[in-house]
>>> print(open('model17.cif').read())   # mmCIF, N, CA and C atoms
data_work
#
loop_
_atom_site.label_atom_id
_atom_site.label_comp_id
_atom_site.auth_asym_id
_atom_site.auth_seq_id
_atom_site.Cartn_x
_atom_site.Cartn_y
_atom_site.Cartn_z
N MET A 75 89.69 21.64 -42.81
CA MET A 75 89.63 21.84 -41.38
C MET A 75 88.18 22.07 -40.97
N GLN A 76 87.73 21.36 -39.95
CA GLN A 76 86.39 21.53 -39.42
C GLN A 76 86.36 22.76 -38.51
N ILE A 77 85.24 23.45 -38.52
CA ILE A 77 85.12 24.68 -37.73
C ILE A 77 85.38 24.43 -36.25
N GLU A 78 84.98 23.27 -35.74
CA GLU A 78 85.16 22.94 -34.33
C GLU A 78 86.63 22.87 -33.93
N GLU A 79 87.51 22.67 -34.90
CA GLU A 79 88.94 22.56 -34.61
C GLU A 79 89.55 23.89 -34.16
N TYR A 80 88.81 24.97 -34.29
CA TYR A 80 89.28 26.27 -33.83
C TYR A 80 89.06 26.47 -32.32
N PHE A 81 88.39 25.52 -31.69
CA PHE A 81 87.97 25.71 -30.31
C PHE A 81 88.41 24.57 -29.40
N ASN A 82 88.53 24.90 -28.12
CA ASN A 82 88.69 23.90 -27.07
C ASN A 82 87.37 23.84 -26.32
N PHE A 83 86.74 22.70 -26.34
CA PHE A 83 85.47 22.51 -25.64
C PHE A 83 85.82 21.94 -24.26
N LEU A 84 86.08 22.84 -23.30
CA LEU A 84 86.53 22.44 -21.97
C LEU A 84 85.39 21.85 -21.14
N ALA A 85 84.21 22.36 -21.34
CA ALA A 85 83.01 21.88 -20.64
C ALA A 85 81.81 22.35 -21.46
N GLU A 86 80.64 21.88 -21.07
CA GLU A 86 79.44 22.28 -21.77
C GLU A 86 79.25 23.80 -21.74
N ASP A 87 79.73 24.41 -20.66
CA ASP A 87 79.56 25.85 -20.49
C ASP A 87 80.88 26.62 -20.61
N ASP A 88 81.86 26.02 -21.28
CA ASP A 88 83.17 26.68 -21.41
C ASP A 88 83.83 26.31 -22.74
N ILE A 89 83.62 27.18 -23.72
CA ILE A 89 84.23 26.98 -25.03
C ILE A 89 85.23 28.11 -25.24
N ARG A 90 86.49 27.73 -25.44
CA ARG A 90 87.56 28.72 -25.62
C ARG A 90 88.10 28.65 -27.04
N ILE A 91 88.61 29.77 -27.49
CA ILE A 91 89.29 29.80 -28.78
C ILE A 91 90.65 29.14 -28.58
N LYS A 92 90.94 28.14 -29.41
CA LYS A 92 92.14 27.33 -29.28
C LYS A 92 93.40 28.20 -29.24
N GLY A 93 94.27 27.89 -28.28
CA GLY A 93 95.53 28.62 -28.14
C GLY A 93 95.40 29.91 -27.35
N THR A 94 94.20 30.18 -26.82
CA THR A 94 93.97 31.40 -26.04
C THR A 94 93.17 31.06 -24.78
N ARG A 95 92.98 32.05 -23.96
CA ARG A 95 92.08 31.90 -22.81
C ARG A 95 90.77 32.63 -23.06
N ILE A 96 90.55 33.04 -24.28
CA ILE A 96 89.36 33.81 -24.64
C ILE A 96 88.20 32.86 -24.91
N GLY A 97 87.09 33.09 -24.19
CA GLY A 97 85.88 32.32 -24.44
C GLY A 97 85.14 32.89 -25.64
N ILE A 98 84.38 32.03 -26.31
CA ILE A 98 83.65 32.51 -27.48
C ILE A 98 82.63 33.59 -27.10
N GLU A 99 82.18 33.58 -25.85
CA GLU A 99 81.20 34.58 -25.42
C GLU A 99 81.77 35.99 -25.50
N SER A 100 83.08 36.14 -25.27
CA SER A 100 83.70 37.46 -25.34
C SER A 100 83.67 38.01 -26.77
N VAL A 101 84.05 37.19 -27.71
CA VAL A 101 84.04 37.60 -29.12
C VAL A 101 82.61 37.83 -29.59
N LEU A 102 81.72 36.93 -29.24
CA LEU A 102 80.34 37.05 -29.72
C LEU A 102 79.60 38.21 -29.08
N ASP A 103 79.95 38.56 -27.86
CA ASP A 103 79.36 39.74 -27.23
C ASP A 103 79.71 40.99 -28.04
N GLU A 104 80.95 41.11 -28.42
CA GLU A 104 81.38 42.25 -29.24
C GLU A 104 80.67 42.26 -30.59
N TYR A 105 80.53 41.10 -31.17
CA TYR A 105 79.91 40.98 -32.50
C TYR A 105 78.40 41.22 -32.44
N ILE A 106 77.71 40.56 -31.52
CA ILE A 106 76.25 40.60 -31.46
C ILE A 106 75.74 41.88 -30.79
N ASN A 107 76.27 42.20 -29.62
CA ASN A 107 75.72 43.29 -28.83
C ASN A 107 76.31 44.66 -29.15
N TYR A 108 77.53 44.70 -29.68
CA TYR A 108 78.18 45.98 -29.95
C TYR A 108 78.44 46.21 -31.44
N ASN A 109 77.97 45.28 -32.28
CA ASN A 109 78.09 45.40 -33.74
C ASN A 109 79.52 45.69 -34.20
N GLN A 110 80.48 45.08 -33.52
CA GLN A 110 81.88 45.27 -33.90
C GLN A 110 82.23 44.40 -35.10
N THR A 111 83.10 44.89 -35.93
CA THR A 111 83.58 44.11 -37.06
C THR A 111 84.58 43.07 -36.56
N ALA A 112 84.82 42.07 -37.38
CA ALA A 112 85.80 41.05 -37.02
C ALA A 112 87.17 41.68 -36.82
N GLU A 113 87.51 42.64 -37.65
CA GLU A 113 88.80 43.33 -37.54
C GLU A 113 88.93 44.06 -36.20
N ALA A 114 87.87 44.75 -35.80
CA ALA A 114 87.90 45.48 -34.53
C ALA A 114 88.00 44.50 -33.35
N ILE A 115 87.32 43.38 -33.45
CA ILE A 115 87.37 42.37 -32.38
C ILE A 115 88.78 41.79 -32.28
N ALA A 116 89.40 41.49 -33.40
CA ALA A 116 90.77 40.95 -33.39
C ALA A 116 91.74 41.96 -32.79
N GLU A 117 91.53 43.24 -33.02
CA GLU A 117 92.38 44.27 -32.41
C GLU A 117 92.15 44.35 -30.91
N ARG A 118 90.91 44.20 -30.49
CA ARG A 118 90.58 44.29 -29.06
C ARG A 118 91.18 43.13 -28.28
N PHE A 119 91.10 41.93 -28.83
CA PHE A 119 91.63 40.73 -28.18
C PHE A 119 92.92 40.34 -28.90
N HIS A 120 94.02 40.81 -28.40
CA HIS A 120 95.31 40.67 -29.09
C HIS A 120 95.77 39.23 -29.25
N THR A 121 95.23 38.31 -28.47
CA THR A 121 95.69 36.91 -28.56
C THR A 121 94.92 36.10 -29.60
N VAL A 122 93.91 36.70 -30.22
CA VAL A 122 93.17 35.98 -31.26
C VAL A 122 93.48 36.58 -32.62
N THR A 123 93.49 35.72 -33.60
CA THR A 123 93.73 36.18 -34.97
C THR A 123 92.41 36.54 -35.63
N LEU A 124 92.51 37.24 -36.72
CA LEU A 124 91.31 37.58 -37.48
C LEU A 124 90.62 36.30 -37.95
N GLU A 125 91.39 35.32 -38.34
CA GLU A 125 90.84 34.03 -38.76
C GLU A 125 90.04 33.38 -37.63
N GLN A 126 90.55 33.44 -36.41
CA GLN A 126 89.84 32.86 -35.26
C GLN A 126 88.55 33.61 -34.98
N VAL A 127 88.57 34.92 -35.14
CA VAL A 127 87.34 35.70 -34.93
C VAL A 127 86.29 35.30 -35.97
N TYR A 128 86.70 35.23 -37.22
CA TYR A 128 85.77 34.81 -38.26
C TYR A 128 85.25 33.38 -37.99
N ALA A 129 86.12 32.50 -37.53
CA ALA A 129 85.70 31.13 -37.22
C ALA A 129 84.66 31.14 -36.10
N THR A 130 84.86 31.99 -35.11
CA THR A 130 83.90 32.08 -33.99
C THR A 130 82.55 32.58 -34.48
N ILE A 131 82.57 33.59 -35.32
CA ILE A 131 81.32 34.12 -35.88
C ILE A 131 80.64 33.07 -36.75
N LEU A 132 81.41 32.38 -37.56
CA LEU A 132 80.84 31.33 -38.40
C LEU A 132 80.26 30.20 -37.56
N TYR A 133 80.96 29.82 -36.51
CA TYR A 133 80.45 28.77 -35.61
C TYR A 133 79.10 29.20 -35.02
N TYR A 134 79.01 30.45 -34.62
CA TYR A 134 77.75 30.98 -34.09
C TYR A 134 76.66 30.94 -35.16
N LEU A 135 76.97 31.39 -36.37
CA LEU A 135 75.97 31.43 -37.44
C LEU A 135 75.50 30.04 -37.84
N GLN A 136 76.39 29.06 -37.79
CA GLN A 136 76.03 27.68 -38.14
C GLN A 136 75.30 26.97 -37.01
N ASN A 137 75.42 27.47 -35.78
CA ASN A 137 74.85 26.79 -34.61
C ASN A 137 74.09 27.79 -33.72
N ARG A 138 73.27 28.61 -34.34
CA ARG A 138 72.60 29.69 -33.60
C ARG A 138 71.85 29.20 -32.35
N GLU A 139 71.10 28.13 -32.50
CA GLU A 139 70.30 27.65 -31.37
C GLU A 139 71.20 27.18 -30.22
N LYS A 140 72.16 26.35 -30.55
CA LYS A 140 73.08 25.80 -29.54
C LYS A 140 73.93 26.91 -28.89
N VAL A 141 74.50 27.77 -29.72
CA VAL A 141 75.35 28.84 -29.19
C VAL A 141 74.49 29.89 -28.48
N GLY A 142 73.28 30.12 -28.98
CA GLY A 142 72.37 31.05 -28.30
C GLY A 142 72.06 30.58 -26.89
N ALA A 143 71.82 29.29 -26.73
CA ALA A 143 71.57 28.73 -25.39
C ALA A 143 72.82 28.86 -24.52
N TYR A 144 73.98 28.62 -25.12
CA TYR A 144 75.26 28.78 -24.41
C TYR A 144 75.41 30.21 -23.89
N LEU A 145 75.10 31.18 -24.73
CA LEU A 145 75.21 32.59 -24.34
C LEU A 145 74.18 32.96 -23.28
N GLU A 146 72.97 32.45 -23.40
CA GLU A 146 71.95 32.71 -22.38
C GLU A 146 72.38 32.15 -21.02
N ASP A 147 72.92 30.94 -21.02
CA ASP A 147 73.42 30.34 -19.78
C ASP A 147 74.55 31.18 -19.18
N TYR A 148 75.42 31.67 -20.05
CA TYR A 148 76.53 32.51 -19.59
C TYR A 148 76.00 33.80 -18.95
N LEU A 149 75.04 34.44 -19.58
CA LEU A 149 74.46 35.67 -19.03
C LEU A 149 73.76 35.42 -17.71
N GLU A 150 73.08 34.30 -17.60
CA GLU A 150 72.41 33.94 -16.34
C GLU A 150 73.45 33.71 -15.24
N TYR A 151 74.53 33.03 -15.58
CA TYR A 151 75.63 32.83 -14.62
C TYR A 151 76.18 34.19 -14.15
N CYS A 152 76.38 35.11 -15.08
CA CYS A 152 76.89 36.44 -14.74
C CYS A 152 75.92 37.18 -13.82
N ARG A 153 74.63 37.10 -14.13
CA ARG A 153 73.62 37.77 -13.30
C ARG A 153 73.62 37.23 -11.89
N LYS A 154 73.63 35.90 -11.76
CA LYS A 154 73.64 35.27 -10.43
C LYS A 154 74.91 35.60 -9.66
N SER A 155 76.03 35.61 -10.36
CA SER A 155 77.30 35.94 -9.72
C SER A 155 77.29 37.37 -9.20
N ARG A 156 76.72 38.27 -9.99
CA ARG A 156 76.64 39.68 -9.58
C ARG A 156 75.74 39.84 -8.36
N GLU A 157 74.61 39.16 -8.37
CA GLU A 157 73.70 39.21 -7.22
C GLU A 157 74.40 38.70 -5.96
N GLU A 158 75.09 37.58 -6.07
CA GLU A 158 75.81 37.01 -4.93
C GLU A 158 76.90 37.95 -4.44
N TYR A 159 77.60 38.57 -5.37
CA TYR A 159 78.64 39.52 -5.01
C TYR A 159 78.04 40.71 -4.25
N GLU A 160 76.91 41.22 -4.72
CA GLU A 160 76.27 42.35 -4.06
C GLU A 160 75.76 41.98 -2.67
N LYS A 161 75.30 40.74 -2.51
CA LYS A 161 74.82 40.29 -1.20
C LYS A 161 75.97 40.09 -0.22
N ASN A 162 77.09 39.62 -0.71
CA ASN A 162 78.24 39.29 0.14
C ASN A 162 79.54 39.84 -0.46
N PRO A 163 79.68 41.16 -0.46
CA PRO A 163 80.91 41.72 -1.03
C PRO A 163 82.12 41.39 -0.15
N PRO A 164 83.30 41.36 -0.74
CA PRO A 164 84.51 41.09 0.03
C PRO A 164 84.73 42.18 1.08
N PRO A 165 85.42 41.86 2.17
CA PRO A 165 85.66 42.85 3.23
C PRO A 165 86.32 44.14 2.72
N VAL A 166 87.22 44.04 1.79
CA VAL A 166 87.88 45.25 1.27
C VAL A 166 86.88 46.17 0.59
N VAL A 167 85.90 45.61 -0.10
CA VAL A 167 84.88 46.43 -0.76
C VAL A 167 84.02 47.12 0.30
N LEU A 168 83.69 46.42 1.36
CA LEU A 168 82.91 47.03 2.44
C LEU A 168 83.68 48.19 3.07
N ARG A 169 84.98 48.00 3.29
CA ARG A 169 85.80 49.08 3.86
C ARG A 169 85.85 50.28 2.92
N LEU A 170 86.03 50.03 1.65
CA LEU A 170 86.09 51.13 0.68
C LEU A 170 84.75 51.88 0.59
N ARG A 171 83.66 51.14 0.64
CA ARG A 171 82.34 51.79 0.62
C ARG A 171 82.14 52.65 1.86
N LYS A 172 82.62 52.18 3.01
CA LYS A 172 82.51 52.94 4.25
C LYS A 172 83.32 54.23 4.16
N ILE A 173 84.54 54.13 3.65
CA ILE A 173 85.39 55.31 3.49
C ILE A 173 84.74 56.32 2.55
N LEU A 174 84.20 55.84 1.45
CA LEU A 174 83.53 56.71 0.49
C LEU A 174 82.33 57.41 1.12
N ALA A 175 81.53 56.66 1.87
CA ALA A 175 80.35 57.24 2.53
C ALA A 175 80.78 58.31 3.53
N GLU A 176 81.86 58.06 4.28
CA GLU A 176 82.36 59.05 5.25
C GLU A 176 82.85 60.30 4.54
N ARG A 177 83.53 60.15 3.42
CA ARG A 177 84.01 61.31 2.67
C ARG A 177 82.86 62.13 2.12
N GLN A 178 81.84 61.44 1.62
CA GLN A 178 80.68 62.15 1.09
C GLN A 178 79.95 62.88 2.21
N LYS A 179 79.86 62.26 3.37
CA LYS A 179 79.21 62.89 4.51
C LYS A 179 79.98 64.13 4.94
N THR A 180 81.29 64.02 4.97
CA THR A 180 82.14 65.14 5.36
C THR A 180 82.00 66.28 4.36
N SER A 181 81.98 65.98 3.08
CA SER A 181 81.88 67.04 2.07
C SER A 181 80.48 67.66 2.07
N ASP A 182 79.46 66.91 2.45
CA ASP A 182 78.11 67.46 2.53
C ASP A 182 77.96 68.42 3.70
N ASN A 183 78.75 68.22 4.76
CA ASN A 183 78.67 69.06 5.94
C ASN A 183 79.62 70.25 5.89
N SER A 184 80.51 70.29 4.94
CA SER A 184 81.47 71.40 4.86
C SER A 184 80.80 72.61 4.25
N PRO A 185 81.26 73.81 4.64
CA PRO A 185 80.67 75.02 4.06
C PRO A 185 80.95 75.08 2.56
N HIS A 186 79.95 75.53 1.84
CA HIS A 186 80.07 75.61 0.39
C HIS A 186 80.39 77.02 -0.03
N PHE A 187 81.18 77.15 -1.03
CA PHE A 187 81.54 78.44 -1.59
C PHE A 187 80.44 78.87 -2.54
N ASP A 188 79.83 79.98 -2.27
CA ASP A 188 78.76 80.50 -3.12
C ASP A 188 79.29 81.70 -3.86
N LYS A 189 79.62 81.51 -5.13
CA LYS A 189 80.21 82.60 -5.90
C LYS A 189 79.23 83.75 -6.11
N ASN A 190 77.93 83.49 -5.98
CA ASN A 190 76.94 84.56 -6.15
C ASN A 190 76.85 85.45 -4.93
N ALA A 191 77.39 84.98 -3.80
CA ALA A 191 77.33 85.78 -2.57
C ALA A 191 78.40 86.84 -2.52
N ILE A 192 79.38 86.77 -3.38
CA ILE A 192 80.47 87.73 -3.39
C ILE A 192 80.03 88.96 -4.18
N GLU A 193 80.22 90.10 -3.55
CA GLU A 193 79.87 91.34 -4.23
C GLU A 193 81.06 91.82 -5.03
N ALA A 194 80.82 92.34 -6.17
CA ALA A 194 81.90 92.84 -7.03
C ALA A 194 82.31 94.22 -6.65
#
>>> encode(input="model17.cif", output="structure tokens")
Amino acid sequence: MQIEEYFNFLAEDDIRIKGTRIGIESVLDEYINYNQTAEAIAERFHTVTLEQVYATILYYLQNREKVGAYLEDYLEYCRKSREEYEKNPPPVVLRLRKILAERQKTSDNSPHFDKNAIEA
């Protein structure tokens, strides 16, 4: 079996573990950035087998340059998406932020209990 047979190459920027909706970036993030073992990763992502996790790690190790570029592109996409979200949050987020700001303002203006002011 070729290592590539463990994956669905949906697009240049979308490689999924075959039989799952898990992208290789999810497994590799756990492996590279959080130093998780293959066993821990398989437990975290219940739809992938330990064999699939090892295959993903092996694919990364055999194709560091290619997969490294894939991961960099993914991180850049995430950064841009986050920036766009912050610039134009959904209306519900704006409403929730307004409610939170009003609650904080109300609590800042309320009298505070000073336990040191009480005489014994």
>>> residues_around(input="model17.cif", residues="stretch 134-137 of chain A", least_positions_apart="6", cutoff="12 Å", atoms="only C-alpha atoms", output="list in words")
Ile77, Glu78, Ile89, Ile98, Glu99, Val101, Leu102, Asp103, Tyr105, Ile106, Val127, Tyr128, Ala143, Tyr144 and Leu145 of chain A
>>> select_by_dssp(input="model17.cif", residues="chain A", states="strand (DSSP E or B)", output="PyMOL selection string")
chain A and resi 81-85+88-91+97
>>> atom_distance(input="model17.cif", atom1="atom N of A:Gln126", atom2="atom CA of A:Tyr80")
7.7 Å
>>> closest_residue(input="model17.cif", among="A:Lys140, A:Lys92, A:Lys179, A:Arg171", to="A:Glu125", atoms="only C-alpha atoms")
A:Lys92
>>> closest_residue(input="model17.cif", among="A:Asn109, A:Ser100, A:Cys152, A:Gly93", to="A:Thr121", atoms="only N, CA and C atoms")
A:Gly93
>>> atom_distance(input="model17.cif", atom1="atom CA of A:Ile131", atom2="atom CA of A:Glu104")
10.5 Å
>>> residues_around(input="model17.cif", residues="A:Leu124", least_positions_apart="5", cutoff="6.5 Å", atoms="all atoms listed in the file", output="number ranges by chain")
A: 112-113, 116, 129
>>> atom_distance(input="model17.cif", atom1="atom CA of A:Arg169", atom2="atom CA of A:Asp182")
20.0 Å
>>> select_by_dssp(input="model17.cif", residues="stretch 86-187 of chain A", states="helix (DSSP H, G or I)", output="compact mmCIF listing (two decimals) with N, CA and C atoms, in the frame of the given file")
# COMPACT_ATOMS: atom_id res chain seq x y z
N ILE A 98 84.38 32.03 -26.31
CA ILE A 98 83.65 32.51 -27.48
C ILE A 98 82.63 33.59 -27.10
N GLU A 99 82.18 33.58 -25.85
CA GLU A 99 81.20 34.58 -25.42
C GLU A 99 81.77 35.99 -25.50
N SER A 100 83.08 36.14 -25.27
CA SER A 100 83.70 37.46 -25.34
C SER A 100 83.67 38.01 -26.77
N VAL A 101 84.05 37.19 -27.71
CA VAL A 101 84.04 37.60 -29.12
C VAL A 101 82.61 37.83 -29.59
N LEU A 102 81.72 36.93 -29.24
CA LEU A 102 80.34 37.05 -29.72
C LEU A 102 79.60 38.21 -29.08
N ASP A 103 79.95 38.56 -27.86
CA ASP A 103 79.36 39.74 -27.23
C ASP A 103 79.71 40.99 -28.04
N GLU A 104 80.95 41.11 -28.42
CA GLU A 104 81.38 42.25 -29.24
C GLU A 104 80.67 42.26 -30.59
N TYR A 105 80.53 41.10 -31.17
CA TYR A 105 79.91 40.98 -32.50
C TYR A 105 78.40 41.22 -32.44
N ILE A 106 77.71 40.56 -31.52
CA ILE A 106 76.25 40.60 -31.46
C ILE A 106 75.74 41.88 -30.79
N ASN A 107 76.27 42.20 -29.62
CA ASN A 107 75.72 43.29 -28.83
C ASN A 107 76.31 44.66 -29.15
N ALA A 112 84.82 42.07 -37.38
CA ALA A 112 85.80 41.05 -37.02
C ALA A 112 87.17 41.68 -36.82
N GLU A 113 87.51 42.64 -37.65
CA GLU A 113 88.80 43.33 -37.54
C GLU A 113 88.93 44.06 -36.20
N ALA A 114 87.87 44.75 -35.80
CA ALA A 114 87.90 45.48 -34.53
C ALA A 114 88.00 44.50 -33.35
N ILE A 115 87.32 43.38 -33.45
CA ILE A 115 87.37 42.37 -32.38
C ILE A 115 88.78 41.79 -32.28
N ALA A 116 89.40 41.49 -33.40
CA ALA A 116 90.77 40.95 -33.39
C ALA A 116 91.74 41.96 -32.79
N GLU A 117 91.53 43.24 -33.02
CA GLU A 117 92.38 44.27 -32.41
C GLU A 117 92.15 44.35 -30.91
N ARG A 118 90.91 44.20 -30.49
CA ARG A 118 90.58 44.29 -29.06
C ARG A 118 91.18 43.13 -28.28
N LEU A 124 92.51 37.24 -36.72
CA LEU A 124 91.31 37.58 -37.48
C LEU A 124 90.62 36.30 -37.95
N GLU A 125 91.39 35.32 -38.34
CA GLU A 125 90.84 34.03 -38.76
C GLU A 125 90.04 33.38 -37.63
N GLN A 126 90.55 33.44 -36.41
CA GLN A 126 89.84 32.86 -35.26
C GLN A 126 88.55 33.61 -34.98
N VAL A 127 88.57 34.92 -35.14
CA VAL A 127 87.34 35.70 -34.93
C VAL A 127 86.29 35.30 -35.97
N TYR A 128 86.70 35.23 -37.22
CA TYR A 128 85.77 34.81 -38.26
C TYR A 128 85.25 33.38 -37.99
N ALA A 129 86.12 32.50 -37.53
CA ALA A 129 85.70 31.13 -37.22
C ALA A 129 84.66 31.14 -36.10
N THR A 130 84.86 31.99 -35.11
CA THR A 130 83.90 32.08 -33.99
C THR A 130 82.55 32.58 -34.48
N ILE A 131 82.57 33.59 -35.32
CA ILE A 131 81.32 34.12 -35.88
C ILE A 131 80.64 33.07 -36.75
N LEU A 132 81.41 32.38 -37.56
CA LEU A 132 80.84 31.33 -38.40
C LEU A 132 80.26 30.20 -37.56
N TYR A 133 80.96 29.82 -36.51
CA TYR A 133 80.45 28.77 -35.61
C TYR A 133 79.10 29.20 -35.02
N TYR A 134 79.01 30.45 -34.62
CA TYR A 134 77.75 30.98 -34.09
C TYR A 134 76.66 30.94 -35.16
N LEU A 135 76.97 31.39 -36.37
CA LEU A 135 75.97 31.43 -37.44
C LEU A 135 75.50 30.04 -37.84
N GLN A 136 76.39 29.06 -37.79
CA GLN A 136 76.03 27.68 -38.14
C GLN A 136 75.30 26.97 -37.01
N ARG A 138 73.27 28.61 -34.34
CA ARG A 138 72.60 29.69 -33.60
C ARG A 138 71.85 29.20 -32.35
N GLU A 139 71.10 28.13 -32.50
CA GLU A 139 70.30 27.65 -31.37
C GLU A 139 71.20 27.18 -30.22
N LYS A 140 72.16 26.35 -30.55
CA LYS A 140 73.08 25.80 -29.54
C LYS A 140 73.93 26.91 -28.89
N VAL A 141 74.50 27.77 -29.72
CA VAL A 141 75.35 28.84 -29.19
C VAL A 141 74.49 29.89 -28.48
N GLY A 142 73.28 30.12 -28.98
CA GLY A 142 72.37 31.05 -28.30
C GLY A 142 72.06 30.58 -26.89
N ALA A 143 71.82 29.29 -26.73
CA ALA A 143 71.57 28.73 -25.39
C ALA A 143 72.82 28.86 -24.52
N TYR A 144 73.98 28.62 -25.12
CA TYR A 144 75.26 28.78 -24.41
C TYR A 144 75.41 30.21 -23.89
N LEU A 145 75.10 31.18 -24.73
CA LEU A 145 75.21 32.59 -24.34
C LEU A 145 74.18 32.96 -23.28
N GLU A 146 72.97 32.45 -23.40
CA GLU A 146 71.95 32.71 -22.38
C GLU A 146 72.38 32.15 -21.02
N ASP A 147 72.92 30.94 -21.02
CA ASP A 147 73.42 30.34 -19.78
C ASP A 147 74.55 31.18 -19.18
N TYR A 148 75.42 31.67 -20.05
CA TYR A 148 76.53 32.51 -19.59
C TYR A 148 76.00 33.80 -18.95
N LEU A 149 75.04 34.44 -19.58
CA LEU A 149 74.46 35.67 -19.03
C LEU A 149 73.76 35.42 -17.71
N GLU A 150 73.08 34.30 -17.60
CA GLU A 150 72.41 33.94 -16.34
C GLU A 150 73.45 33.71 -15.24
N TYR A 151 74.53 33.03 -15.58
CA TYR A 151 75.63 32.83 -14.62
C TYR A 151 76.18 34.19 -14.15
N CYS A 152 76.38 35.11 -15.08
CA CYS A 152 76.89 36.44 -14.74
C CYS A 152 75.92 37.18 -13.82
N ARG A 153 74.63 37.10 -14.13
CA ARG A 153 73.62 37.77 -13.30
C ARG A 153 73.62 37.23 -11.89
N LYS A 154 73.63 35.90 -11.76
CA LYS A 154 73.64 35.27 -10.43
C LYS A 154 74.91 35.60 -9.66
N SER A 155 76.03 35.61 -10.36
CA SER A 155 77.30 35.94 -9.72
C SER A 155 77.29 37.37 -9.20
N ARG A 156 76.72 38.27 -9.99
CA ARG A 156 76.64 39.68 -9.58
C ARG A 156 75.74 39.84 -8.36
N GLU A 157 74.61 39.16 -8.37
CA GLU A 157 73.70 39.21 -7.22
C GLU A 157 74.40 38.70 -5.96
N GLU A 158 75.09 37.58 -6.07
CA GLU A 158 75.81 37.01 -4.93
C GLU A 158 76.90 37.95 -4.44
N TYR A 159 77.60 38.57 -5.37
CA TYR A 159 78.64 39.52 -5.01
C TYR A 159 78.04 40.71 -4.25
N GLU A 160 76.91 41.22 -4.72
CA GLU A 160 76.27 42.35 -4.06
C GLU A 160 75.76 41.98 -2.67
N LYS A 161 75.30 40.74 -2.51
CA LYS A 161 74.82 40.29 -1.20
C LYS A 161 75.97 40.09 -0.22
N PRO A 165 85.42 41.86 2.17
CA PRO A 165 85.66 42.85 3.23
C PRO A 165 86.32 44.14 2.72
N VAL A 166 87.22 44.04 1.79
CA VAL A 166 87.88 45.25 1.27
C VAL A 166 86.88 46.17 0.59
N VAL A 167 85.90 45.61 -0.10
CA VAL A 167 84.88 46.43 -0.76
C VAL A 167 84.02 47.12 0.30
N LEU A 168 83.69 46.42 1.36
CA LEU A 168 82.91 47.03 2.44
C LEU A 168 83.68 48.19 3.07
N ARG A 169 84.98 48.00 3.29
CA ARG A 169 85.80 49.08 3.86
C ARG A 169 85.85 50.28 2.92
N LEU A 170 86.03 50.03 1.65
CA LEU A 170 86.09 51.13 0.68
C LEU A 170 84.75 51.88 0.59
N ARG A 171 83.66 51.14 0.64
CA ARG A 171 82.34 51.79 0.62
C ARG A 171 82.14 52.65 1.86
N LYS A 172 82.62 52.18 3.01
CA LYS A 172 82.51 52.94 4.25
C LYS A 172 83.32 54.23 4.16
N ILE A 173 84.54 54.13 3.65
CA ILE A 173 85.39 55.31 3.49
C ILE A 173 84.74 56.32 2.55
N LEU A 174 84.20 55.84 1.45
CA LEU A 174 83.53 56.71 0.49
C LEU A 174 82.33 57.41 1.12
N ALA A 175 81.53 56.66 1.87
CA ALA A 175 80.35 57.24 2.53
C ALA A 175 80.78 58.31 3.53
N GLU A 176 81.86 58.06 4.28
CA GLU A 176 82.36 59.05 5.25
C GLU A 176 82.85 60.30 4.54
N ARG A 177 83.53 60.15 3.42
CA ARG A 177 84.01 61.31 2.67
C ARG A 177 82.86 62.13 2.12
N GLN A 178 81.84 61.44 1.62
CA GLN A 178 80.68 62.15 1.09
C GLN A 178 79.95 62.88 2.21
N LYS A 179 79.86 62.26 3.37
CA LYS A 179 79.21 62.89 4.51
C LYS A 179 79.98 64.13 4.94
N THR A 180 81.29 64.02 4.97
CA THR A 180 82.14 65.14 5.36
C THR A 180 82.00 66.28 4.36
N SER A 181 81.98 65.98 3.08
CA SER A 181 81.88 67.04 2.07
C SER A 181 80.48 67.66 2.07
N ASP A 182 79.46 66.91 2.45
CA ASP A 182 78.11 67.46 2.53
C ASP A 182 77.96 68.42 3.70
N ASN A 183 78.75 68.22 4.76
CA ASN A 183 78.67 69.06 5.94
C ASN A 183 79.62 70.25 5.89
